[in-house]
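Asker: Contents of upload-v1.txt (compact mmCIF, C-alpha atoms) are below:
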# COMPACT_ATOMS: atom_id res chain seq x y z
CA MET A 1 58.96 -26.77 18.26
CA ASN A 2 61.43 -24.70 20.26
CA GLN A 3 60.32 -24.23 23.86
CA TYR A 4 60.90 -20.49 23.52
CA GLN A 5 59.31 -18.50 20.74
CA SER A 6 60.30 -15.29 18.99
CA ALA A 7 57.66 -12.77 17.98
CA MET A 8 57.27 -9.28 16.64
CA ILE A 9 54.24 -7.29 17.77
CA ILE A 10 52.90 -4.81 15.20
CA LEU A 11 51.14 -2.45 17.56
CA ASN A 12 48.49 0.15 16.77
CA GLY A 13 50.01 3.45 17.93
CA LYS A 14 46.95 4.29 20.03
CA GLN A 15 47.96 1.46 22.37
CA ALA A 16 51.61 2.44 22.76
CA ASN A 17 51.32 3.13 26.49
CA HIS A 18 49.02 0.23 27.37
CA ALA A 19 50.11 -0.80 30.87
CA GLU A 20 48.52 -4.27 30.75
CA LEU A 21 50.30 -5.07 27.48
CA ARG A 22 53.65 -3.96 28.90
CA LYS A 23 53.10 -6.24 31.89
CA ALA A 24 52.16 -9.22 29.70
CA ILE A 25 55.21 -8.74 27.47
CA THR A 26 57.51 -8.52 30.49
CA HIS A 27 56.04 -11.72 31.94
CA LEU A 28 56.61 -13.69 28.72
CA ARG A 29 60.09 -12.26 28.24
CA ASN A 30 60.94 -13.42 31.74
CA GLU A 31 59.89 -16.92 30.68
CA GLY A 32 62.54 -16.76 27.95
CA HIS A 33 60.53 -15.73 24.90
CA GLN A 34 61.90 -13.08 22.56
CA ILE A 35 59.38 -10.31 21.83
CA GLN A 36 59.97 -7.18 19.79
CA VAL A 37 57.45 -4.33 19.52
CA ARG A 38 57.09 -2.13 16.46
CA ILE A 39 54.66 0.75 15.84
CA PRO A 40 54.02 1.62 12.17
CA TRP A 41 54.29 5.34 11.52
CA GLU A 42 54.26 5.47 7.73
CA LEU A 43 52.47 3.41 5.08
CA ASP A 44 55.38 1.09 4.27
CA ASP A 45 56.52 0.51 7.85
CA THR A 46 54.59 -2.74 8.34
CA TYR A 47 56.18 -4.26 5.23
CA TYR A 48 59.64 -3.20 6.40
CA PHE A 49 59.10 -4.55 9.92
CA ILE A 50 57.91 -7.93 8.65
CA SER A 51 60.77 -8.17 6.13
CA GLN A 52 63.23 -7.61 8.97
CA ALA A 53 61.43 -10.19 11.08
CA ILE A 54 61.72 -12.76 8.30
CA LYS A 55 65.41 -11.90 7.83
CA HIS A 56 66.07 -12.62 11.49
CA GLY A 57 63.96 -15.78 11.67
CA VAL A 58 61.12 -14.46 13.84
CA ASP A 59 58.46 -17.15 14.31
CA THR A 60 55.30 -15.06 14.71
CA ILE A 61 54.00 -11.64 13.72
CA ILE A 62 51.35 -10.47 16.21
CA ALA A 63 48.78 -7.93 15.08
CA ALA A 64 47.90 -5.87 18.16
CA GLY A 65 44.89 -3.64 17.57
CA GLY A 66 41.44 -3.87 16.02
CA ASP A 67 40.21 -5.48 12.81
CA GLY A 68 41.98 -2.84 10.71
CA THR A 69 45.34 -3.70 12.27
CA VAL A 70 44.75 -7.42 11.76
CA ASN A 71 43.84 -6.72 8.14
CA ALA A 72 46.96 -4.61 7.59
CA VAL A 73 49.27 -7.29 9.00
CA ALA A 74 47.56 -10.20 7.20
CA SER A 75 47.53 -8.27 3.90
CA THR A 76 51.21 -7.47 4.26
CA LEU A 77 52.07 -11.10 4.99
CA MET A 78 50.54 -11.95 1.62
CA LYS A 79 53.20 -9.84 -0.10
CA PHE A 80 55.85 -12.37 0.92
CA PRO A 81 56.39 -15.87 -0.54
CA SER A 82 54.23 -18.48 1.17
CA ASP A 83 57.22 -20.51 2.34
CA SER A 84 58.70 -17.53 4.21
CA ARG A 85 55.59 -16.06 5.86
CA PRO A 86 55.76 -16.05 9.66
CA THR A 87 52.77 -17.27 11.62
CA LEU A 88 50.05 -14.71 12.41
CA GLY A 89 49.03 -14.01 16.00
CA ILE A 90 46.14 -11.75 16.98
CA LEU A 91 46.02 -9.54 20.05
CA PRO A 92 42.55 -7.91 20.11
CA MET A 93 42.92 -4.32 21.30
CA GLY A 94 40.43 -2.47 19.10
CA THR A 95 36.90 -1.25 19.59
CA ALA A 96 35.05 -4.05 17.81
CA ASN A 97 37.52 -6.96 17.48
CA ASP A 98 35.02 -8.77 15.27
CA PHE A 99 37.39 -11.35 13.83
CA ALA A 100 38.99 -12.15 17.19
CA THR A 101 35.60 -12.48 18.88
CA SER A 102 34.30 -14.82 16.17
CA ALA A 103 37.47 -16.91 16.47
CA ASN A 104 37.12 -17.18 20.27
CA ILE A 105 40.44 -15.43 20.85
CA PRO A 106 40.41 -14.21 24.46
CA LEU A 107 40.00 -10.49 25.02
CA ASP A 108 42.21 -10.68 28.11
CA ILE A 109 45.55 -9.21 27.04
CA GLU A 110 47.83 -11.67 28.82
CA ALA A 111 45.82 -14.72 27.69
CA ALA A 112 45.64 -13.49 24.10
CA LEU A 113 49.35 -12.72 23.99
CA ALA A 114 50.22 -16.17 25.36
CA LEU A 115 47.97 -17.74 22.70
CA SER A 116 49.55 -15.60 19.96
CA LEU A 117 53.00 -16.69 21.02
CA LYS A 118 52.53 -20.33 22.04
CA GLY A 119 49.20 -21.48 20.56
CA LYS A 120 48.85 -24.09 17.83
CA ALA A 121 49.18 -22.66 14.33
CA VAL A 122 46.55 -23.72 11.79
CA PRO A 123 46.23 -22.79 8.10
CA ILE A 124 43.44 -20.33 7.31
CA ASP A 125 42.02 -18.73 4.17
CA ILE A 126 42.21 -15.10 3.17
CA ALA A 127 40.02 -13.30 0.63
CA GLN A 128 41.56 -11.43 -2.28
CA VAL A 129 39.85 -8.49 -4.02
CA ASN A 130 40.74 -7.41 -7.56
CA LYS A 131 43.96 -9.45 -7.33
CA GLN A 132 45.46 -6.67 -5.22
CA TYR A 133 43.68 -6.20 -1.89
CA TYR A 134 42.91 -8.63 0.91
CA PHE A 135 40.63 -9.06 3.88
CA LEU A 136 40.64 -11.67 6.59
CA ASN A 137 37.19 -11.06 8.03
CA MET A 138 34.55 -9.34 5.88
CA ALA A 139 33.77 -6.90 3.10
CA THR A 140 30.56 -4.88 3.42
CA GLY A 141 28.90 -2.57 0.94
CA GLY A 142 26.02 -0.12 0.65
CA PHE A 143 24.03 0.56 3.78
CA GLY A 144 26.22 -2.01 5.54
CA THR A 145 29.37 0.11 5.31
CA ARG A 146 27.81 2.64 7.70
CA ILE A 147 25.29 0.80 9.85
CA THR A 148 27.87 -1.68 11.11
CA THR A 149 30.03 1.13 12.45
CA GLU A 150 27.55 3.87 13.38
CA THR A 151 24.76 2.07 15.22
CA PRO A 152 24.75 3.09 18.91
CA GLU A 153 25.80 0.42 21.40
CA ALA A 154 22.67 0.96 23.51
CA LEU A 155 20.45 0.21 20.53
CA LYS A 156 22.43 -2.93 19.69
CA SER A 157 22.19 -4.14 23.28
CA ALA A 158 18.43 -3.64 23.35
CA LEU A 159 17.48 -5.00 19.94
CA GLY A 160 20.35 -7.10 18.63
CA GLY A 161 20.60 -7.43 14.84
CA ALA A 162 17.41 -5.48 14.22
CA ALA A 163 19.11 -2.41 15.70
CA TYR A 164 21.07 -1.89 12.49
CA VAL A 165 17.95 -1.64 10.37
CA ILE A 166 16.18 0.55 12.95
CA ASN A 167 19.15 2.90 13.09
CA GLY A 168 19.10 3.14 9.30
CA LEU A 169 15.41 3.93 9.22
CA LEU A 170 15.97 6.65 11.81
CA ARG A 171 18.92 7.99 9.83
CA PRO A 172 17.69 8.50 6.25
CA ASP A 173 21.11 9.82 5.23
CA THR A 174 22.50 6.27 5.65
CA LEU A 175 19.95 4.69 3.32
CA LYS A 176 22.15 4.74 0.23
CA THR A 177 21.39 1.92 -2.18
CA ASP A 178 23.58 0.44 -4.90
CA ILE A 179 22.49 -0.88 -8.27
CA CYS A 180 24.64 -3.85 -9.10
CA ARG A 181 25.02 -7.27 -10.61
CA ILE A 182 26.44 -10.00 -8.39
CA GLU A 183 27.77 -13.25 -9.84
CA GLY A 184 29.36 -16.46 -8.63
CA GLU A 185 29.55 -20.07 -9.77
CA ASN A 186 26.01 -21.09 -10.77
CA PHE A 187 24.70 -17.84 -9.29
CA SER A 188 23.58 -14.50 -10.69
CA TRP A 189 21.57 -11.69 -9.11
CA GLU A 190 20.84 -8.18 -10.33
CA GLY A 191 19.01 -5.33 -8.66
CA GLU A 192 19.15 -2.59 -6.05
CA THR A 193 20.84 -3.53 -2.81
CA LEU A 194 20.81 -2.02 0.62
CA VAL A 195 23.36 -4.38 2.20
CA ILE A 196 26.05 -6.55 0.65
CA ALA A 197 28.43 -8.63 2.74
CA VAL A 198 31.13 -11.02 1.57
CA GLY A 199 32.38 -12.95 4.56
CA ASN A 200 35.43 -15.06 5.21
CA GLY A 201 34.64 -14.50 8.90
CA ARG A 202 31.17 -14.08 10.38
CA GLN A 203 30.56 -10.68 11.91
CA ALA A 204 31.16 -6.95 11.53
CA GLY A 205 30.19 -3.78 13.32
CA GLY A 206 30.92 -5.00 16.81
CA GLY A 207 28.94 -8.23 16.83
CA GLN A 208 26.48 -8.20 13.92
CA GLN A 209 26.63 -11.68 12.38
CA LEU A 210 26.08 -11.01 8.70
CA THR A 211 27.44 -14.35 7.46
CA PRO A 212 26.95 -16.64 10.47
CA GLN A 213 27.83 -19.88 8.65
CA ALA A 214 31.24 -18.71 7.40
CA LEU A 215 34.41 -20.68 8.15
CA ILE A 216 37.99 -19.55 7.61
CA ASN A 217 39.35 -22.88 6.38
CA ASP A 218 36.68 -24.13 3.96
CA GLY A 219 37.93 -22.52 0.74
CA ALA A 220 34.69 -20.58 0.34
CA LEU A 221 33.18 -17.13 0.81
CA ASN A 222 29.73 -16.48 2.25
CA LEU A 223 27.59 -13.91 0.46
CA LEU A 224 24.70 -11.92 1.94
CA ILE A 225 22.46 -9.60 -0.08
CA ILE A 226 19.57 -7.58 1.32
CA PRO A 227 17.60 -6.20 -1.65
CA ALA A 228 16.55 -2.57 -1.14
CA ARG A 229 12.87 -3.32 -1.70
CA ASP A 230 12.93 -5.83 1.15
CA VAL A 231 14.34 -3.70 3.94
CA ILE A 232 11.05 -3.34 5.83
CA PRO A 233 10.14 -7.07 5.62
CA ALA A 234 13.73 -7.94 6.58
CA PHE A 235 13.55 -5.59 9.54
CA LEU A 236 10.24 -7.08 10.75
CA ALA A 237 11.54 -10.62 10.34
CA ASN A 238 14.69 -9.82 12.34
CA LEU A 239 12.71 -8.11 15.06
CA PHE A 240 9.93 -10.62 15.60
CA SER A 241 11.25 -13.99 14.48
CA ASP A 242 14.26 -16.25 14.88
CA ASP A 243 13.37 -18.13 11.70
CA LYS A 244 15.47 -17.92 8.56
CA ASN A 245 14.72 -14.65 6.78
CA GLU A 246 13.24 -15.33 3.34
CA HIS A 247 14.06 -11.79 2.24
CA LEU A 248 17.81 -12.36 2.47
CA VAL A 249 19.86 -13.77 -0.41
CA GLU A 250 22.58 -16.05 1.00
CA ARG A 251 25.08 -18.19 -0.87
CA GLN A 252 28.38 -19.95 -0.30
CA LEU A 253 30.73 -19.39 -3.25
CA SER A 254 34.40 -19.80 -4.12
CA TRP A 255 34.37 -16.51 -6.04
CA VAL A 256 32.14 -13.45 -6.27
CA LYS A 257 32.00 -10.61 -8.79
CA ILE A 258 30.16 -7.36 -8.05
CA SER A 259 29.73 -4.85 -10.87
CA SER A 260 27.82 -1.58 -10.92
CA PRO A 261 27.08 1.26 -13.37
CA HIS A 262 28.29 3.68 -10.68
CA ASP A 263 31.12 3.80 -8.17
CA MET A 264 30.54 1.84 -4.97
CA ILE A 265 32.43 1.83 -1.68
CA LEU A 266 33.25 -1.45 0.01
CA ASN A 267 34.65 -1.69 3.51
CA LEU A 268 37.41 -4.32 3.77
CA ASP A 269 37.85 -4.92 7.50
CA GLY A 270 37.58 -1.18 8.04
CA GLU A 271 39.51 -0.06 4.96
CA PRO A 272 37.41 1.63 2.23
CA LEU A 273 37.81 0.56 -1.39
CA SER A 274 36.07 2.46 -4.20
CA GLY A 275 35.27 1.24 -7.71
CA ASP A 276 32.62 -0.11 -10.03
CA THR A 277 33.86 -3.71 -10.26
CA PHE A 278 35.07 -5.98 -7.47
CA THR A 279 36.19 -9.58 -7.98
CA PHE A 280 36.59 -11.72 -4.87
CA ALA A 281 38.53 -14.97 -4.73
CA VAL A 282 39.61 -17.24 -1.90
CA GLN A 283 43.27 -17.92 -1.22
CA PRO A 284 42.95 -21.21 0.68
CA ASN A 285 45.34 -22.09 3.52
CA ALA A 286 47.27 -18.90 2.79
CA ILE A 287 48.33 -17.98 6.32
CA GLN A 288 49.24 -19.92 9.44
CA CYS A 289 47.39 -18.41 12.41
CA ARG A 290 47.56 -19.23 16.12
CA LEU A 291 43.99 -19.91 17.21
CA PRO A 292 42.39 -21.50 20.30
CA PRO A 293 41.26 -25.16 20.15
CA GLN A 294 37.62 -24.06 20.56
CA CYS A 295 37.73 -21.67 17.56
CA ASN A 296 34.24 -21.51 16.04
CA LEU A 297 35.54 -20.47 12.62
CA LEU A 298 37.28 -23.75 11.84
CA ALA A 299 35.61 -26.63 10.03
Could the structure of this file be written out as structure tokens, please?

Answerer:
Amino acid sequence: MNQYQSAMIILNGKQANHAELRKAITHLRNEGHQIQVRIPWELDDTYYFISQAIKHGVDTIIAAGGDGTVNAVASTLMKFPSDSRPTLGILPMGTANDFATSANIPLDIEAALALSLKGKAVPIDIAQVNKQYYFLNMATGGFGTRITTETPEALKSALGGAAYVINGLLRPDTLKTDICRIEGENFSWEGETLVIAVGNGRQAGGGQQLTPQALINDGALNLLIIPARDVIPAFLANLFSDDKNEHLVERQLSWVKISSPHDMILNLDGEPLSGDTFTFAVQPNAIQCRLPPQCNLLA
């Protein structure tokens, strides 16, 4: 591997004037590394930027932002042939940074940028939805699409995972259930759900581990269902016990199909997707990603 790396940072526009990032980029450029910075303005900009990076032989595309930015960059990489995809780097600069936190990527800007540029690249899976959309971390549905993003930080700090259920009980407008059928290999479930999560990664909503056993290089997805009728028992179990919750439905599957008689909204790493049928499949070893040696998401 060349001693000096070339990278293109796809930067969330909200961070355009981030002083610490500017300092970290200057430091690595002074070492001899080539770093370009691009800020997407329109929908197709990320695709154009990455195509230009590939044309000029750039080694790494660094997603600088939150989980939505990481998703946008990873999804765009999947539009290019596998043999031409640059390596993915992740610079966590969002509010939640759920994927980066689960993967033990440092939140310190300079350390994370150095890892994104010089760290060891390993192959990781990505999840595909309806043969068209992707997510790197997690898809959530039903009650989960709102509680993971709207629960106050103070409540989460005080009560941990139970805070999400408490917040939902205090906010009746969030208690929207979905009637659906969920299938996978040797698995079928049908009923009314309050929370659905399909995880390639482990957590959403700023630290809520919905699929805590998930790995990003095992060729599988982790499914969580909380049936609507079991919300109170699930809440009590989360609040008063560390034991495995018998009210949760949890499976590890290579594919998942969710179908409903009505439109549902799923959240794919922060991006909403509406429909009545969602088919999930794993694309194993689809992307090379620079991750720390102590990454908890690797088998």

Asker: Give me the residues within 7 Å of Ile105 of chain A as JSON, numbers by chain, counting only C-alpha atoms and dropping any in the same chain fewer than 5 places off.

Answerer: {"A": [100, 112, 291, 292]}

Asker: For each of A:Thr60, A:Thr140, A:Leu21, A:Ala74, take the minimum atom-to-atom distance to Glu110 of chain A, counting all atoms listed in the file, then give the residue where this is smallest.

Answerer: A:Leu21

Asker: Would you list the contacts of segment 261-263 of chain A as a PDB file with C-alpha atoms, in the coordinates of the input, taking every protein, DNA or RNA residue within 12 Å and counting all atoms listed in the file, but skipping same-chain residues closer than 6 positions in sequence?

Answerer:
ATOM      1  CA  GLY A 141      28.900  -2.570   0.940  1.00  0.00           C
ATOM      2  CA  GLY A 142      26.020  -0.120   0.650  1.00  0.00           C
ATOM      3  CA  THR A 177      21.390   1.920  -2.180  1.00  0.00           C
ATOM      4  CA  ASP A 178      23.580   0.440  -4.900  1.00  0.00           C
ATOM      5  CA  ILE A 179      22.490  -0.880  -8.270  1.00  0.00           C
ATOM      6  CA  CYS A 180      24.640  -3.850  -9.100  1.00  0.00           C
ATOM      7  CA  ARG A 181      25.020  -7.270 -10.610  1.00  0.00           C
ATOM      8  CA  GLU A 190      20.840  -8.180 -10.330  1.00  0.00           C
ATOM      9  CA  GLY A 191      19.010  -5.330  -8.660  1.00  0.00           C
ATOM     10  CA  GLU A 192      19.150  -2.590  -6.050  1.00  0.00           C
ATOM     11  CA  LEU A 273      37.810   0.560  -1.390  1.00  0.00           C
ATOM     12  CA  SER A 274      36.070   2.460  -4.200  1.00  0.00           C
ATOM     13  CA  GLY A 275      35.270   1.240  -7.710  1.00  0.00           C
ATOM     14  CA  ASP A 276      32.620  -0.110 -10.030  1.00  0.00           C
ATOM     15  CA  THR A 277      33.860  -3.710 -10.260  1.00  0.00           C
ATOM     16  CA  PHE A 278      35.070  -5.980  -7.470  1.00  0.00           C
TER      17      PHE A 278
END

Asker: From the list A:Ala63, A:Val129, A:Ala114, A:Ile287, which residue is nearest Asn267 of chain A when using only C-alpha atoms?

Answerer: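 Residue with the minimum atom-to-atom distance to Asn267 of chain A: A:Val129.
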
Asker: Compare A:Ala286, A:Gly270, A:Ile25, A:Asp67 by their minimum atom-to-atom distance to Phe80 of chain A, counting only C-alpha atoms, and give me the closest one.

Answerer: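 Smallest distance to Phe80 of chain A is found for A:Ala286.
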
Asker: Given all atoms listed in the file as the basis, pick out the residue of A:Ile216, A:Ile109, A:Ile182, A:Ala96 nearest to Ala204 of chain A.

Answerer: A:Ala96
